[in-house]
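Participant: My structure is below; once you've seen it, I'll send some questions.
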Amino acid sequence: MDKTQVIETIRQESVLIDRAGLISLYGAVLRLAGLGVGGVLYQAGRQAGIRGAQLLRERLGLEGEELLEAARVAFEAANWGRASWRWKDSSLSIEVEGSILAEGLRPQKKPICHPLAGYIAGFLEIALQRTVRVREVTCAAVEGSICYFVAEVEN
């Protein structure tokens, strides 16, 4: 996998929005709609993850582990945060340090990174070709510096 090709492919299909603008927009959505909008934001993120994975698979021919690594590269290149993951049985734990959403909207009472959870789920579904559900267990907007997600992969 060529990191430069991954970044260039994602940038060709992306729109640049400044950090403060994104945080302001997302904060307004949460204030107006409340946390009940989490499911909608998760699905929107999921569709973005599916599209991103399909794009990299189609244009660069990436599959499986290479596609997962490309997801991490693209995620970081887009400044969403720094991601790492670990497999344990049929689940995957994902840590995101420096989540743009969490860092920009501290403090919160509940996890708020619904779009990131959805994005991870969508990308994993394409890379693994299985149904995936991701939930945010801890959020840096609530406490700490890391958002921790668990992805449950169906067999």
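Just remember, in the structure tokens the first chain shown is A, the second B, etc., residues are 1-based per chain, and ligands are 1-based in the order shown.
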Could you give me, as a Markdown table, every range 14-87 of chain A residue with an atom at most 10 Å from range 97-117 of chain A, plus its closest atom pair and distance in Å to one decimal, counting only C-alpha atoms, rows ordered by chain then number?
Facilitator:
```
| residue | atom | partner | partner_atom | distance |
| --- | --- | --- | --- | --- |
| A:Arg19 | CA | A:Ile100 | CA | 7.5 |
| A:Ala20 | CA | A:Gly104 | CA | 7.9 |
| A:Leu22 | CA | A:Leu101 | CA | 8.3 |
| A:Ile23 | CA | A:Gly104 | CA | 5.8 |
| A:Ser24 | CA | A:Gly104 | CA | 8.4 |
| A:Tyr26 | CA | A:Leu101 | CA | 7.7 |
| A:Gly27 | CA | A:Leu105 | CA | 6.7 |
| A:Leu30 | CA | A:Ile112 | CA | 8.5 |
| A:Leu35 | CA | A:Ile112 | CA | 7.6 |
| A:Val37 | CA | A:His114 | CA | 9.0 |
| A:Gly38 | CA | A:His114 | CA | 5.6 |
| A:Gly39 | CA | A:His114 | CA | 7.4 |
| A:Val40 | CA | A:His114 | CA | 8.6 |
| A:Leu41 | CA | A:Pro115 | CA | 5.1 |
| A:Tyr42 | CA | A:Pro115 | CA | 4.7 |
| A:Gln43 | CA | A:Pro115 | CA | 7.4 |
| A:Ala44 | CA | A:Pro115 | CA | 6.6 |
| A:Gly45 | CA | A:Pro115 | CA | 4.3 |
| A:Arg46 | CA | A:Pro115 | CA | 7.3 |
| A:Gln47 | CA | A:Pro115 | CA | 9.7 |
| A:Ala48 | CA | A:Pro115 | CA | 8.9 |
| A:Gly49 | CA | A:Leu116 | CA | 8.9 |
| A:Phe75 | CA | A:Leu116 | CA | 9.6 |
| A:Glu76 | CA | A:Gly98 | CA | 9.9 |
| A:Asn79 | CA | A:Ile100 | CA | 7.3 |
| A:Trp80 | CA | A:Ile100 | CA | 5.4 |
| A:Gly81 | CA | A:Ser99 | CA | 4.5 |
| A:Arg82 | CA | A:Glu97 | CA | 5.1 |
| A:Ala83 | CA | A:Glu97 | CA | 6.5 |
| A:Ser84 | CA | A:Glu97 | CA | 8.6 |
```
Participant: Which residues of range 34-112 of chain A come within 10 Å of range 11-18 of chain A, and what is each one's closest atom pair and distance in Å (one decimal), counting only C-alpha atoms, sorted by chain and residue number, as a Markdown table?
Facilitator:
```
| residue | atom | partner | partner_atom | distance |
| --- | --- | --- | --- | --- |
| A:Gly52 | CA | A:Glu13 | CA | 8.9 |
| A:Leu55 | CA | A:Glu13 | CA | 8.8 |
| A:Ala74 | CA | A:Arg11 | CA | 8.9 |
| A:Ala77 | CA | A:Arg11 | CA | 8.9 |
| A:Ala78 | CA | A:Arg11 | CA | 8.3 |
```
Participant: By how many Å are CA of Gly144 in chain A and CA of Gly21 in chain A apart?
Facilitator: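 Separating CA of Gly144 in chain A from CA of Gly21 in chain A is a distance of 23.7 Å.
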Participant: Going by DSSP on the backbone, which residues of chain A come out as strand (DSSP E)? List them as a list in words.
Facilitator: Arg82, Ala83, Ser84, Trp85, Arg86, Trp87, Lys88, Ser91, Leu92, Ser93, Ile94, Glu95, Val96, Glu97, Val132, Arg133, Val134, Arg135, Glu136, Val137, Thr138, Ile146, Cys147, Tyr148, Phe149, Val150, Ala151, Glu152 and Val153 of chain A
Participant: Using C-alpha atoms, can you write the selected residues to a file as a tab-separated table (two decimals), in the first residue's frame?
Facilitator:
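What landed in selection-v3.tsv:
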```tsv
chain	number	residue	atom	x	y	z
A	82	ARG	CA	-4.78	9.27	15.32
A	83	ALA	CA	-6.19	5.77	15.26
A	84	SER	CA	-4.85	2.42	16.37
A	85	TRP	CA	-6.58	-0.92	16.76
A	86	ARG	CA	-6.24	-4.38	18.29
A	87	TRP	CA	-8.10	-7.61	17.52
A	88	LYS	CA	-9.49	-9.75	20.33
A	91	SER	CA	-14.11	-7.83	18.14
A	92	LEU	CA	-11.77	-5.03	17.33
A	93	SER	CA	-10.88	-2.29	19.80
A	94	ILE	CA	-10.07	1.08	18.28
A	95	GLU	CA	-8.44	3.99	20.06
A	96	VAL	CA	-8.59	7.48	18.62
A	97	GLU	CA	-6.31	10.06	20.13
A	132	VAL	CA	-20.02	-4.59	11.82
A	133	ARG	CA	-21.47	-2.56	14.67
A	134	VAL	CA	-19.26	0.00	16.43
A	135	ARG	CA	-19.98	1.65	19.75
A	136	GLU	CA	-18.03	4.32	21.56
A	137	VAL	CA	-17.22	3.08	25.04
A	138	THR	CA	-15.33	6.13	26.32
A	146	ILE	CA	-8.68	8.95	24.04
A	147	CYS	CA	-11.94	7.89	22.45
A	148	TYR	CA	-12.29	4.13	22.73
A	149	PHE	CA	-14.51	2.20	20.33
A	150	VAL	CA	-15.40	-1.48	20.15
A	151	ALA	CA	-16.32	-3.03	16.82
A	152	GLU	CA	-18.37	-6.23	16.95
A	153	VAL	CA	-17.87	-8.24	13.76
```
Participant: From a backbone DSSP assignment, name each residue in chain A labelled helix (DSSP H, G or I), as a ChimeraX atom specification.
Facilitator: /A:3-12,19-33,35-60,64-77,100-104,114-128
Participant: May I have the residues within 8 Å of range 5-7 of chain A as a list in words, using only C-alpha atoms and disregarding those fewer than 3 positions away in the same chain?
Facilitator: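 Final neighbour list, sorted by chain and number: Met1, Asp2, Ile10, Arg11, Leu56, Leu60, Ala70, Val73, Ala74 and Ala77 of chain A.
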Participant: Between A:Leu67, A:Ile50, A:Leu25, A:Cys139, which residue has the minimum interatomic distance to Tyr119 in chain A, considering only C-alpha atoms?
Facilitator: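 The answer is A:Ile50, which sits nearest to Tyr119 in chain A.
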Participant: Which residue gives the smallest distance to Arg51 in chain A among A:Glu8, A:Glu63, A:Glu69, A:Glu125, with only C-alpha atoms counted?
Facilitator: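 The answer is A:Glu125, which sits nearest to Arg51 in chain A.
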Participant: Taking only C-alpha atoms into account, name the residue in A:Ala53, A:Ala141, A:Glu58, A:Leu32 that is nearest to Phe123 in chain A.
Facilitator: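 For Phe123 in chain A, the nearest of the candidates is A:Ala53.
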Participant: In Å to one decimal, how far is CA of Ala71 in chain A from CA of Gly36 in chain A?
Facilitator: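 Interatomic distance here is 27.7 Å.
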Participant: Quick one, how far is CA of Leu128 in chain A from CA of Glu65 in chain A?
Facilitator: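 Going from CA of Leu128 in chain A over to CA of Glu65 in chain A, I get 8.5 Å.
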